[in-house]
file structure_26.txt (compact mmCIF, C-alpha atoms)
# COMPACT_ATOMS: atom_id res chain seq x y z
CA MET A 869 -39.55 -36.64 10.36
CA VAL A 870 -37.34 -33.55 10.35
CA ASP A 871 -34.96 -33.27 13.29
CA ARG A 872 -35.64 -29.73 14.52
CA LYS A 873 -32.57 -28.11 16.04
CA LYS A 874 -32.90 -25.95 19.11
CA ILE A 875 -31.11 -22.60 19.25
CA LEU A 876 -30.62 -20.48 22.35
CA LEU A 877 -30.56 -16.72 21.71
CA VAL A 878 -28.85 -14.65 24.39
CA ASP A 879 -29.22 -10.87 24.08
CA ASP A 880 -30.44 -8.05 26.28
CA SER A 881 -31.99 -6.27 23.29
CA SER A 882 -35.60 -7.18 22.52
CA THR A 883 -35.03 -5.85 19.02
CA VAL A 884 -32.19 -8.28 18.35
CA LEU A 885 -34.02 -11.21 19.95
CA LEU A 886 -37.08 -10.55 17.80
CA MET A 887 -34.99 -10.15 14.66
CA GLU A 888 -33.03 -13.36 15.29
CA ARG A 889 -36.22 -15.22 16.19
CA MET A 890 -37.86 -14.13 12.92
CA ILE A 891 -34.87 -15.17 10.83
CA LEU A 892 -34.43 -18.56 12.52
CA SER A 893 -38.03 -19.58 13.15
CA LYS A 894 -38.91 -19.48 9.46
CA SER A 895 -35.99 -21.84 8.84
CA GLU A 896 -37.41 -24.66 10.95
CA TYR A 897 -35.45 -24.00 14.14
CA ASP A 898 -36.88 -24.06 17.64
CA VAL A 899 -35.83 -20.98 19.55
CA VAL A 900 -35.40 -20.25 23.27
CA THR A 901 -34.18 -16.91 24.62
CA ALA A 902 -32.27 -15.42 27.53
CA LYS A 903 -31.80 -11.74 28.42
CA ASP A 904 -28.21 -11.81 29.72
CA GLY A 905 -25.13 -14.01 30.06
CA LEU A 906 -26.07 -15.48 33.42
CA GLU A 907 -29.54 -16.49 32.30
CA GLY A 908 -27.96 -17.75 29.07
CA VAL A 909 -25.67 -20.16 30.96
CA GLU A 910 -28.59 -21.39 33.09
CA LYS A 911 -30.83 -21.88 30.04
CA ALA A 912 -28.03 -23.69 28.21
CA ARG A 913 -27.73 -26.19 31.09
CA ALA A 914 -31.50 -26.67 31.29
CA GLU A 915 -32.39 -26.69 27.61
CA ARG A 916 -29.26 -28.29 26.10
CA PRO A 917 -29.60 -26.39 22.81
CA ASP A 918 -27.82 -27.46 19.62
CA LEU A 919 -26.38 -23.96 19.17
CA ILE A 920 -26.12 -20.67 21.05
CA LEU A 921 -26.14 -17.15 19.58
CA MET A 922 -24.47 -14.96 22.22
CA ASP A 923 -24.42 -11.17 22.41
CA VAL A 924 -21.23 -9.63 23.81
CA VAL A 925 -22.27 -6.57 25.83
CA MET A 926 -24.92 -7.59 28.36
CA PRO A 927 -25.77 -6.81 31.98
CA ARG A 928 -24.83 -9.18 34.88
CA MET A 929 -22.55 -11.36 32.70
CA ASP A 930 -21.13 -10.44 29.30
CA GLY A 931 -20.94 -12.83 26.35
CA PHE A 932 -17.24 -13.64 26.71
CA GLU A 933 -17.63 -14.63 30.36
CA ALA A 934 -20.77 -16.63 29.59
CA CYS A 935 -18.93 -18.48 26.83
CA ARG A 936 -16.08 -19.35 29.21
CA LYS A 937 -18.60 -20.66 31.77
CA LEU A 938 -20.23 -22.82 29.09
CA ARG A 939 -16.88 -24.30 28.10
CA GLU A 940 -15.99 -25.08 31.73
CA ALA A 941 -19.15 -27.11 32.36
CA GLU A 942 -19.08 -30.66 31.00
CA GLU A 943 -22.72 -30.66 29.87
CA THR A 944 -22.35 -27.44 27.82
CA ALA A 945 -18.69 -27.65 26.79
CA THR A 946 -19.35 -28.85 23.26
CA ILE A 947 -22.35 -26.69 22.35
CA PRO A 948 -21.29 -24.45 19.45
CA VAL A 949 -21.43 -20.72 20.23
CA ILE A 950 -21.69 -17.90 17.70
CA MET A 951 -20.88 -14.48 19.14
CA VAL A 952 -23.09 -11.63 17.94
CA THR A 953 -21.06 -8.49 18.22
CA THR A 954 -21.60 -4.84 17.41
CA ARG A 955 -17.88 -4.42 16.96
CA GLY A 956 -16.18 -6.45 14.29
CA GLU A 957 -12.70 -5.33 15.24
CA LEU A 958 -9.98 -7.93 15.40
CA ALA A 959 -9.38 -7.55 19.15
CA SER A 960 -13.04 -8.23 19.92
CA VAL A 961 -13.10 -11.21 17.60
CA GLU A 962 -9.89 -12.62 19.10
CA THR A 963 -11.30 -12.24 22.62
CA GLY A 964 -14.37 -14.13 21.46
CA TYR A 965 -12.36 -17.02 20.06
CA ALA A 966 -10.18 -17.06 23.20
CA SER A 967 -13.31 -17.44 25.31
CA GLY A 968 -14.25 -20.51 23.27
CA CYS A 969 -16.73 -19.29 20.67
CA ASN A 970 -16.86 -21.09 17.33
CA ASP A 971 -17.75 -18.19 15.05
CA TYR A 972 -19.07 -14.65 15.12
CA VAL A 973 -21.49 -12.38 13.25
CA THR A 974 -21.64 -8.61 13.40
CA LYS A 975 -24.61 -6.33 13.97
CA PRO A 976 -26.65 -5.23 12.17
CA ILE A 977 -27.54 -8.83 11.53
CA ASN A 978 -27.64 -9.97 7.93
CA GLY A 979 -30.23 -12.75 7.64
CA LEU A 980 -28.40 -14.69 4.94
CA GLU A 981 -25.05 -14.51 6.75
CA LEU A 982 -26.61 -15.57 10.04
CA LEU A 983 -28.39 -18.55 8.46
CA ALA A 984 -25.22 -19.61 6.65
CA LYS A 985 -23.16 -19.57 9.86
CA VAL A 986 -25.88 -21.30 11.87
CA ARG A 987 -26.14 -24.08 9.26
CA SER A 988 -22.37 -24.39 9.11
CA CYS A 989 -22.07 -24.72 12.91
CA LEU A 990 -24.87 -27.29 12.95
CA GLY A 991 -23.21 -29.26 10.15
CA GLN A 992 -26.17 -28.78 7.82
CA MET B 1386 -25.06 -105.22 -79.64
CA PRO B 1387 -26.53 -105.39 -76.18
CA SER B 1388 -24.70 -107.67 -73.85
CA ASP B 1389 -26.40 -110.62 -72.45
CA PRO B 1390 -27.04 -110.23 -68.79
CA ARG B 1391 -26.45 -113.82 -68.23
CA SER B 1392 -23.09 -113.80 -70.01
CA PRO B 1393 -20.13 -114.77 -67.81
CA ARG B 1394 -18.77 -111.25 -68.13
CA LEU B 1395 -21.70 -110.23 -66.05
CA VAL B 1396 -20.20 -111.58 -62.85
CA PRO B 1397 -17.29 -109.24 -62.86
CA ASP B 1398 -19.63 -106.58 -64.20
CA LEU B 1399 -22.04 -107.30 -61.39
CA ALA B 1400 -19.19 -107.34 -58.94
CA SER B 1401 -17.89 -104.05 -60.19
CA GLY B 1402 -21.48 -102.81 -60.31
CA GLY B 1403 -21.88 -103.62 -56.59
CA GLU B 1404 -18.78 -101.66 -55.77
CA LYS B 1405 -20.00 -98.79 -57.85
CA HIS B 1406 -23.34 -99.03 -56.12
CA ARG B 1407 -21.66 -98.77 -52.76
CA GLU B 1408 -19.53 -95.90 -54.02
CA LEU B 1409 -22.66 -94.24 -55.32
CA GLN B 1410 -24.31 -94.79 -51.97
CA LYS B 1411 -21.32 -93.16 -50.24
CA VAL B 1412 -21.38 -90.24 -52.68
CA ASN B 1413 -25.09 -90.01 -52.18
CA GLU B 1414 -24.62 -89.89 -48.42
CA ARG B 1415 -21.95 -87.19 -48.71
CA LEU B 1416 -24.24 -85.22 -50.98
CA ARG B 1417 -27.03 -85.54 -48.43
CA GLU B 1418 -24.67 -84.32 -45.70
CA LEU B 1419 -23.56 -81.46 -47.93
CA VAL B 1420 -27.17 -80.54 -48.69
CA ALA B 1421 -27.97 -80.69 -44.98
CA SER B 1422 -24.99 -78.49 -44.08
CA LEU B 1423 -25.90 -76.03 -46.85
CA LYS B 1424 -29.45 -75.91 -45.58
CA SER B 1425 -28.30 -75.25 -42.04
CA GLU B 1426 -25.84 -72.60 -43.31
CA GLN B 1427 -28.64 -71.03 -45.32
CA GLU B 1428 -30.84 -70.88 -42.24
CA ARG B 1429 -28.02 -69.40 -40.15
CA LEU B 1430 -27.39 -66.72 -42.77
CA ALA B 1431 -31.08 -65.95 -42.94
CA GLU B 1432 -31.13 -65.48 -39.17
CA ALA B 1433 -28.04 -63.31 -39.29
CA ARG B 1434 -29.62 -61.11 -41.95
CA ALA B 1435 -32.80 -60.91 -39.96
CA SER B 1436 -30.97 -59.67 -36.88
CA SER B 1437 -28.88 -57.26 -38.99
CA LEU B 1438 -25.79 -58.68 -37.49
CA PRO B 1439 -22.77 -59.44 -39.54
CA THR B 1440 -22.57 -63.05 -40.33
CA PRO B 1441 -19.83 -64.94 -38.66
CA THR B 1442 -17.17 -66.36 -40.81
CA PRO B 1443 -18.63 -69.22 -42.69
CA PRO B 1444 -16.65 -72.40 -42.70
CA PRO B 1445 -14.27 -72.10 -45.54
CA MET B 1446 -15.38 -73.95 -48.51
CA ALA B 1447 -12.91 -76.27 -49.97
CA GLY B 1448 -10.62 -74.21 -52.14
CA SER B 1449 -12.40 -70.99 -51.35
CA GLU B 1450 -10.01 -69.27 -48.93
CA HIS B 1451 -10.20 -66.12 -50.96
CA GLY B 1452 -13.97 -66.11 -50.65
CA ALA B 1453 -13.67 -66.62 -46.87
CA ILE B 1454 -11.33 -63.65 -46.61
CA ASP B 1455 -13.79 -61.51 -48.57
CA LEU B 1456 -16.56 -62.64 -46.29
CA GLU B 1457 -14.48 -61.79 -43.21
CA LYS B 1458 -13.69 -58.38 -44.69
CA LYS B 1459 -17.37 -57.74 -45.28
CA ARG B 1460 -18.16 -58.75 -41.73
CA LEU B 1461 -15.46 -56.46 -40.34
CA VAL B 1462 -16.66 -53.60 -42.53
CA ALA B 1463 -20.17 -54.13 -41.25
CA GLU B 1464 -18.90 -54.22 -37.66
CA LEU B 1465 -16.89 -51.06 -38.25
CA ALA B 1466 -19.96 -49.32 -39.65
CA LEU B 1467 -21.94 -50.36 -36.61
CA ALA B 1468 -19.17 -49.16 -34.29
CA ARG B 1469 -19.02 -45.81 -36.08
CA GLU B 1470 -22.75 -45.51 -35.79
CA ALA B 1471 -22.50 -46.24 -32.05
CA ILE B 1472 -19.73 -43.63 -31.65
CA ASP B 1473 -21.80 -41.03 -33.52
CA HIS B 1474 -24.77 -41.84 -31.34
CA ALA B 1475 -22.66 -41.60 -28.16
CA SER B 1476 -21.15 -38.28 -29.32
CA ALA B 1477 -24.60 -36.87 -30.01
CA GLU B 1478 -25.79 -38.10 -26.61
CA ARG B 1479 -22.76 -36.57 -24.88
CA GLU B 1480 -23.41 -33.23 -26.60
CA ARG B 1481 -27.09 -33.41 -25.64
CA LEU B 1482 -26.12 -34.12 -22.01
CA ARG B 1483 -23.52 -31.31 -22.05
CA LEU B 1484 -26.15 -28.83 -23.22
CA ARG B 1485 -28.62 -30.16 -20.64
CA LEU B 1486 -25.98 -29.77 -17.91
CA ALA B 1487 -25.31 -26.18 -19.00
CA ASP B 1488 -29.07 -25.53 -18.87
CA ILE B 1489 -29.30 -27.07 -15.39
CA GLU B 1490 -26.32 -25.03 -14.17
CA ALA B 1491 -27.86 -21.81 -15.52
CA GLU B 1492 -31.17 -22.71 -13.90
CA ASN B 1493 -29.36 -23.47 -10.65
CA ARG B 1494 -27.64 -20.07 -10.72
CA ARG B 1495 -30.95 -18.36 -11.43
CA ILE B 1496 -32.64 -20.17 -8.54
CA CYS B 1497 -29.70 -19.30 -6.23
CA ASP B 1498 -29.96 -15.63 -7.23
CA GLU B 1499 -33.71 -15.74 -6.66
CA TYR B 1500 -33.18 -17.39 -3.28
CA VAL B 1501 -30.73 -14.68 -2.23
CA ALA B 1502 -33.12 -11.96 -3.42
CA VAL B 1503 -36.04 -13.56 -1.57
CA GLU B 1504 -33.96 -13.96 1.60
CA GLU B 1505 -32.81 -10.34 1.41
CA LYS B 1506 -36.40 -9.18 0.92
CA SER B 1507 -37.50 -11.43 3.76
CA SER B 1508 -34.78 -9.97 6.00
CA GLU B 1509 -35.84 -6.44 5.02
CA LEU B 1510 -39.48 -7.20 5.85
CA ALA B 1511 -38.41 -8.76 9.15
CA GLN B 1512 -36.52 -5.56 9.97
CA LEU B 1513 -39.61 -3.47 9.24
CA PHE B 1514 -41.80 -5.76 11.31
CA VAL B 1515 -39.35 -5.64 14.22
CA ALA B 1516 -39.12 -1.84 14.03
CA LEU B 1517 -42.91 -1.47 13.99
CA ASP B 1518 -43.36 -3.98 16.80
CA ARG B 1519 -40.79 -2.24 18.99
CA ILE B 1520 -42.10 1.29 18.38
CA HIS B 1521 -45.78 0.54 18.88
CA GLY B 1522 -45.10 -1.93 21.70
CA ALA B 1523 -43.54 0.85 23.79
CA LEU B 1524 -45.87 2.15 26.48
CA THR B 1525 -44.10 5.35 27.47
CA ARG B 1526 -42.17 8.12 25.74
CA ASP B 1527 -38.91 6.84 27.27
CA GLU B 1528 -39.66 3.34 26.01
CA VAL B 1529 -40.28 4.72 22.52
CA LEU B 1530 -36.95 6.55 22.65
CA GLY B 1531 -35.26 3.37 23.95
CA ALA B 1532 -36.82 1.32 21.17
CA LEU B 1533 -35.73 3.92 18.62
CA GLN B 1534 -32.17 3.69 19.94
CA GLU B 1535 -32.17 -0.12 19.77
CA ILE B 1536 -33.55 -0.07 16.25
CA VAL B 1537 -30.90 2.36 15.06
CA ILE B 1538 -28.04 0.49 16.77
CA ASN B 1539 -29.08 -3.04 15.85
CA LEU B 1540 -30.87 -2.66 12.53
CA ILE B 1541 -29.08 0.32 10.98
CA GLY B 1542 -25.65 -0.14 12.58
CA THR B 1543 -24.50 2.97 14.42
CA GLU B 1544 -23.72 3.87 18.00
CA GLU B 1545 -24.03 7.61 17.51
CA LEU B 1546 -27.50 9.09 17.37
CA ALA B 1547 -29.70 11.90 18.67
CA VAL B 1548 -33.41 12.63 18.72
CA LEU B 1549 -34.27 16.33 18.64
CA GLU B 1550 -37.79 17.56 19.31
CA VAL B 1551 -39.28 20.54 17.53
CA GLN B 1552 -40.17 23.13 20.14
CA GLY B 1553 -41.57 26.22 18.45
CA ASP B 1554 -38.94 27.51 16.03
CA ARG B 1555 -36.09 25.61 17.70
CA LEU B 1556 -34.92 22.03 18.12
CA ALA B 1557 -33.88 20.51 21.44
CA PRO B 1558 -32.23 17.10 22.04
CA ILE B 1559 -34.52 14.77 24.00
CA HIS B 1560 -32.32 11.69 23.63
CA THR B 1561 -28.68 11.12 22.66
CA PHE B 1562 -26.46 8.06 22.49
CA GLY B 1563 -22.73 8.09 21.76
CA VAL B 1564 -22.62 11.81 20.95
CA ASP B 1565 -22.13 14.99 22.98
CA PRO B 1566 -25.55 16.68 23.30
CA GLU B 1567 -24.06 20.17 23.87
CA PRO B 1568 -23.53 21.15 20.21
CA LEU B 1569 -27.06 19.94 19.50
CA ARG B 1570 -28.76 22.22 21.99
CA ASP B 1571 -30.87 25.03 20.65
CA ILE B 1572 -30.70 24.47 16.89
CA ALA B 1573 -32.84 26.90 14.93
CA LEU B 1574 -35.48 25.46 12.60
CA GLY B 1575 -33.97 25.56 9.08
CA ALA B 1576 -30.36 25.92 10.31
CA GLY B 1577 -27.91 23.28 9.11
CA THR B 1578 -28.95 19.86 7.92
CA ILE B 1579 -30.80 18.93 11.12
CA GLY B 1580 -32.71 22.23 11.20
CA ARG B 1581 -33.42 21.98 7.49
CA THR B 1582 -34.76 18.42 7.85
CA ALA B 1583 -37.09 19.64 10.62
CA ALA B 1584 -38.25 22.58 8.49
CA THR B 1585 -38.77 20.70 5.22
CA GLY B 1586 -39.68 17.21 6.43
CA VAL B 1587 -37.39 15.77 3.78
CA LEU B 1588 -35.16 12.78 4.62
CA HIS B 1589 -31.47 13.68 4.38
CA LEU B 1590 -28.90 11.05 3.42
CA ALA B 1591 -25.15 11.72 3.41
CA GLY B 1592 -23.66 12.01 -0.03
CA ARG B 1593 -26.73 13.69 -1.46
CA GLY B 1594 -26.23 17.43 -1.79
CA GLU B 1595 -23.44 19.65 -0.52
CA PRO B 1596 -22.28 18.75 3.02
CA THR B 1597 -21.83 21.58 5.49
CA PRO B 1598 -18.93 21.56 8.00
CA GLU B 1599 -21.18 20.66 10.94
CA ASP B 1600 -22.60 17.72 8.94
CA ARG B 1601 -19.22 16.02 8.59
CA ASP B 1602 -20.18 13.01 10.74
CA LEU B 1603 -23.87 13.06 9.88
CA THR B 1604 -24.98 9.98 7.94
CA ALA B 1605 -28.74 10.52 7.89
CA CYS B 1606 -31.38 12.87 9.22
CA VAL B 1607 -34.87 11.39 9.48
CA PRO B 1608 -37.89 13.63 10.04
CA LEU B 1609 -40.25 11.92 12.54
CA LYS B 1610 -43.67 13.10 11.46
CA VAL B 1611 -47.20 13.25 12.73
CA GLY B 1612 -49.09 13.51 9.49
CA ASP B 1613 -47.38 16.31 7.56
CA ARG B 1614 -45.96 17.99 10.67
CA VAL B 1615 -42.41 17.21 11.76
CA TYR B 1616 -42.55 16.27 15.44
CA ALA B 1617 -38.85 15.49 15.88
CA VAL B 1618 -35.68 14.67 13.95
CA LEU B 1619 -33.60 11.51 14.28
CA ALA B 1620 -29.96 12.36 13.56
CA ILE B 1621 -27.69 9.42 12.78
CA PHE B 1622 -23.96 10.09 12.85
CA ARG B 1623 -21.09 7.72 12.02
CA LEU B 1624 -21.95 4.15 11.11
CA LEU B 1625 -20.17 1.22 12.74
CA GLY B 1626 -16.69 0.64 11.32
CA HIS B 1627 -17.59 -2.60 9.53
CA LYS B 1628 -20.68 -1.10 7.90
CA PRO B 1629 -19.65 0.40 4.55
CA GLY B 1630 -22.78 2.47 3.95
CA LEU B 1631 -26.54 2.67 4.01
CA THR B 1632 -28.55 0.13 2.06
CA GLU B 1633 -31.99 0.04 0.48
CA ALA B 1634 -33.19 -1.88 3.56
CA ASP B 1635 -31.95 1.01 5.76
CA HIS B 1636 -33.88 3.49 3.62
CA ALA B 1637 -37.03 1.40 4.11
CA VAL B 1638 -36.49 1.48 7.91
CA PHE B 1639 -36.03 5.28 7.75
CA GLU B 1640 -39.29 5.64 5.82
CA LEU B 1641 -41.07 3.53 8.42
CA LEU B 1642 -39.56 5.46 11.34
CA SER B 1643 -40.46 8.72 9.65
CA SER B 1644 -44.14 7.84 9.54
CA HIS B 1645 -44.46 5.83 12.77
CA ALA B 1646 -41.90 6.96 15.38
CA GLY B 1647 -43.19 10.56 15.39
CA ILE B 1648 -46.74 9.35 15.99
CA ALA B 1649 -45.60 7.01 18.77
CA LEU B 1650 -43.65 9.81 20.49
CA HIS B 1651 -46.54 12.24 20.08
CA LEU B 1652 -49.13 9.78 21.42
CA ARG B 1653 -47.02 8.73 24.42
CA ALA B 1654 -46.42 12.42 25.23
CA GLN B 1655 -50.18 13.03 25.04
CA THR B 1656 -51.03 10.11 27.32
CA ALA B 1657 -48.23 10.93 29.76
CA ARG B 1658 -49.42 14.50 30.39
CA PRO B 1659 -52.85 13.70 31.94
CA ALA B 1660 -51.23 10.97 34.05
CA ALA B 1661 -48.55 13.39 35.19
CA ALA B 1662 -51.16 16.06 35.79
CA GLY B 1663 -53.32 13.59 37.76

call {"tool": "encode", "arguments": {"input": "structure_26.txt", "output": "structure tokens"}}
result
Amino acid sequence: MVDRKKILLVDDSSTVLLMERMILSKSEYDVVTAKDGLEGVEKARAERPDLILMDVVMPRMDGFEACRKLREAEETATIPVIMVTTRGELASVETGYASGCNDYVTKPINGLELLAKVRSCLGQ
Amino acid sequence: MPSDPRSPRLVPDLASGGEKHRELQKVNERLRELVASLKSEQERLAEARASSLPTPTPPPMAGSEHGAIDLEKKRLVAELALAREAIDHASAERERLRLRLADIEAENRRICDEYVAVEEKSSELAQLFVALDRIHGALTRDEVLGALQEIVINLIGTEELAVLEVQGDRLAPIHTFGVDPEPLRDIALGAGTIGRTAATGVLHLAGRGEPTPEDRDLTACVPLKVGDRVYAVLAIFRLLGHKPGLTEADHAVFELLSSHAGIALHLRAQTARPAAAG
């Protein structure tokens, strides 16, 4: 029996959530979603996903802050986080790594790149 | 004259005859042993021939060292021939496996290329599905404009865009993001790239045709149509810094927006008016 990994998608854009869901669902991943950083942290605690895809710019709590919160909590500290950022500039990427993310992808999302990074983070 | 068997000389003769008899018996026994060993050697050789194996060194015959050496030489030559045959066979097998490996590697590369192509196509189709879903899932004109903005930001890769509606012989911005709307107010139909796109209904992509000074930051101009009529124009300015240029997948999204976003805007405007009037 295949061990289906669960991925939490955190983004305030329905377009991005739908796009990510389409790319990941066809690759045998279970997907749960959250619309901002705060909901993302709550869902991460409740769902204990194997991986989180986290947008950066979101209402209520941005991706960097959400990532820091995840790292602070014992139950979510080790969940790998991939930041999904519109800006691929070095400063943004460095801030992401400083907040505890494991990797990042830039928008617009490239399906192959996203799948490769997801598989890498999941050790597949 | 025949000797008399009873003569006294017979005793020694008989005595010597007994010795000879015993000697003969011994010789006879040795001959039997020799015959037996020859038979067994003959059988062994027959078996060796049958199994095509070189015969082991036969026990050297008395006084036949030279023959034994020849036999050993023949055996070694036969072994050498067999070894050469095995080496030739192994070399041929290695070459066959090398060619098979090259075939498998080529097949693997072809499958990888096909996989990448299929994934890219799949991603492109997913983009189109998402764009359609977002546009037609919007219930109001503002939602359509919001969906259009999200599609352009997240699927195309820009944070500078404007939607200009055709109003008579002029164009007016009804939605902007990341750009100053002032220079876009009151563009005449047919004037500049945006006006020309509205007048002709032809998709404009940067790098095709002569750019005008006001088009310096314009990457694409998409006519949003209702049938053959241009309802509005989607102007896309600078792409995100990490996006090198437009792709075939982007062109497909533009084609889809051209034929669907105009209809969605038109329909939501139509349904909004009676509600607003009521």

call {"tool": "interface_residues", "arguments": {"input": "structure_26.txt", "of": "chain A", "to": "chain B", "cutoff": "6 Å", "atoms": "all atoms listed in the file", "output": "ChimeraX atom specification"}}
result
/A:975-976,979

call {"tool": "residues_around", "arguments": {"input": "structure_26.txt", "residues": "Val925 in chain A", "least_positions_apart": "2", "cutoff": "12 Å", "atoms": "all atoms listed in the file", "output": "PDB file with C-alpha atoms, keeping the file's coordinate frame"}}
result
ATOM      1  CA  VAL A 878     -28.850 -14.650  24.390  1.00  0.00           C
ATOM      2  CA  ASP A 879     -29.220 -10.870  24.080  1.00  0.00           C
ATOM      3  CA  ASP A 880     -30.440  -8.050  26.280  1.00  0.00           C
ATOM      4  CA  SER A 881     -31.990  -6.270  23.290  1.00  0.00           C
ATOM      5  CA  LYS A 903     -31.800 -11.740  28.420  1.00  0.00           C
ATOM      6  CA  ASP A 904     -28.210 -11.810  29.720  1.00  0.00           C
ATOM      7  CA  GLY A 905     -25.130 -14.010  30.060  1.00  0.00           C
ATOM      8  CA  MET A 922     -24.470 -14.960  22.220  1.00  0.00           C
ATOM      9  CA  ASP A 923     -24.420 -11.170  22.410  1.00  0.00           C
ATOM     10  CA  PRO A 927     -25.770  -6.810  31.980  1.00  0.00           C
ATOM     11  CA  ARG A 928     -24.830  -9.180  34.880  1.00  0.00           C
ATOM     12  CA  MET A 929     -22.550 -11.360  32.700  1.00  0.00           C
ATOM     13  CA  ASP A 930     -21.130 -10.440  29.300  1.00  0.00           C
ATOM     14  CA  GLY A 931     -20.940 -12.830  26.350  1.00  0.00           C
ATOM     15  CA  PHE A 932     -17.240 -13.640  26.710  1.00  0.00           C
ATOM     16  CA  GLU A 933     -17.630 -14.630  30.360  1.00  0.00           C
ATOM     17  CA  ALA A 934     -20.770 -16.630  29.590  1.00  0.00           C
ATOM     18  CA  MET A 951     -20.880 -14.480  19.140  1.00  0.00           C
ATOM     19  CA  VAL A 952     -23.090 -11.630  17.940  1.00  0.00           C
ATOM     20  CA  THR A 953     -21.060  -8.490  18.220  1.00  0.00           C
ATOM     21  CA  THR A 954     -21.600  -4.840  17.410  1.00  0.00           C
ATOM     22  CA  ARG A 955     -17.880  -4.420  16.960  1.00  0.00           C
ATOM     23  CA  SER A 960     -13.040  -8.230  19.920  1.00  0.00           C
ATOM     24  CA  GLY A 964     -14.370 -14.130  21.460  1.00  0.00           C
TER      25      GLY A 964
END

call {"tool": "atom_distance", "arguments": {"input": "structure_26.txt", "atom1": "CA of Leu1549 in chain B", "atom2": "CA of Ala1637 in chain B"}}
result
21.0 Å

call {"tool": "atom_distance", "arguments": {"input": "structure_26.txt", "atom1": "CA of Leu1650 in chain B", "atom2": "CA of Val1618 in chain B"}}
result
11.4 Å

call {"tool": "residues_around", "arguments": {"input": "structure_26.txt", "residues": "Leu990 in chain A", "least_positions_apart": "6", "cutoff": "9 Å", "atoms": "all atoms listed in the file", "output": "MDAnalysis selection string"}}
result
chainID A and resid 873 918:919 948

call {"tool": "atom_distance", "arguments": {"input": "structure_26.txt", "atom1": "CA of Thr1585 in chain B", "atom2": "CA of Gln1552 in chain B"}}
result
15.2 Å

call {"tool": "axis_aligned_box", "arguments": {"input": "structure_26.txt", "around": "range 1447-1465 of chain B", "padding_each_side": "4 Å", "output": "JSON"}}
result
{"center_x": -15.1, "center_y": -63.7, "center_z": -44.9, "size_x": 18.2, "size_y": 33.2, "size_z": 22.5}

call {"tool": "residues_around", "arguments": {"input": "structure_26.txt", "residues": "range 900-902 of chain A", "least_positions_apart": "5", "cutoff": "7 Å", "atoms": "all atoms listed in the file", "output": "PyMOL selection string"}}
result
chain A and resi 875-879+907-908

call {"tool": "residues_around", "arguments": {"input": "structure_26.txt", "residues": "Ala1605 in chain B", "least_positions_apart": "6", "cutoff": "9 Å", "atoms": "all atoms listed in the file", "output": "ChimeraX atom specification"}}
result
/B:1588-1591,1619-1622,1639

call {"tool": "residues_around", "arguments": {"input": "structure_26.txt", "residues": "Glu915 in chain A", "least_positions_apart": "2", "cutoff": "9 Å", "atoms": "only C-alpha atoms", "output": "list in words"}}
result
Lys874, Leu876, Val900, Glu910, Lys911, Ala912, Arg913 and Pro917 of chain A

call {"tool": "build_atoms", "arguments": {"input": "structure_26.txt", "residues": "range 946-954 of chain A", "atoms": "N, CA, C and O atoms", "output": "PDB file, in the frame of the given file"}}
result
ATOM      1  N   THR A 946     -19.456 -28.620  24.709  1.00  0.00           N
ATOM      2  CA  THR A 946     -19.350 -28.850  23.260  1.00  0.00           C
ATOM      3  C   THR A 946     -20.430 -28.149  22.438  1.00  0.00           C
ATOM      4  O   THR A 946     -20.474 -28.301  21.222  1.00  0.00           O
ATOM      5  N   ILE A 947     -21.298 -27.387  23.100  1.00  0.00           N
ATOM      6  CA  ILE A 947     -22.350 -26.690  22.350  1.00  0.00           C
ATOM      7  C   ILE A 947     -21.702 -25.557  21.540  1.00  0.00           C
ATOM      8  O   ILE A 947     -21.016 -24.703  22.120  1.00  0.00           O
ATOM      9  N   PRO A 948     -21.889 -25.529  20.229  1.00  0.00           N
ATOM     10  CA  PRO A 948     -21.290 -24.450  19.450  1.00  0.00           C
ATOM     11  C   PRO A 948     -21.876 -23.091  19.824  1.00  0.00           C
ATOM     12  O   PRO A 948     -23.083 -22.976  20.076  1.00  0.00           O
ATOM     13  N   VAL A 949     -20.999 -22.088  19.883  1.00  0.00           N
ATOM     14  CA  VAL A 949     -21.430 -20.720  20.230  1.00  0.00           C
ATOM     15  C   VAL A 949     -21.015 -19.758  19.114  1.00  0.00           C
ATOM     16  O   VAL A 949     -19.861 -19.743  18.694  1.00  0.00           O
ATOM     17  N   ILE A 950     -21.981 -18.979  18.650  1.00  0.00           N
ATOM     18  CA  ILE A 950     -21.690 -17.900  17.700  1.00  0.00           C
ATOM     19  C   ILE A 950     -21.859 -16.582  18.434  1.00  0.00           C
ATOM     20  O   ILE A 950     -22.936 -16.302  18.970  1.00  0.00           O
ATOM     21  N   MET A 951     -20.797 -15.789  18.479  1.00  0.00           N
ATOM     22  CA  MET A 951     -20.880 -14.480  19.140  1.00  0.00           C
ATOM     23  C   MET A 951     -21.528 -13.480  18.180  1.00  0.00           C
ATOM     24  O   MET A 951     -21.212 -13.460  16.994  1.00  0.00           O
ATOM     25  N   VAL A 952     -22.437 -12.685  18.721  1.00  0.00           N
ATOM     26  CA  VAL A 952     -23.090 -11.630  17.940  1.00  0.00           C
ATOM     27  C   VAL A 952     -22.570 -10.302  18.468  1.00  0.00           C
ATOM     28  O   VAL A 952     -22.907  -9.901  19.586  1.00  0.00           O
ATOM     29  N   THR A 953     -21.737  -9.658  17.709  1.00  0.00           N
ATOM     30  CA  THR A 953     -21.060  -8.490  18.220  1.00  0.00           C
ATOM     31  C   THR A 953     -21.342  -7.230  17.395  1.00  0.00           C
ATOM     32  O   THR A 953     -21.492  -7.301  16.177  1.00  0.00           O
ATOM     33  N   THR A 954     -21.426  -6.113  18.099  1.00  0.00           N
ATOM     34  CA  THR A 954     -21.600  -4.840  17.410  1.00  0.00           C
ATOM     35  C   THR A 954     -20.283  -4.413  16.786  1.00  0.00           C
ATOM     36  O   THR A 954     -20.246  -3.777  15.749  1.00  0.00           O
TER      37      THR A 954
END
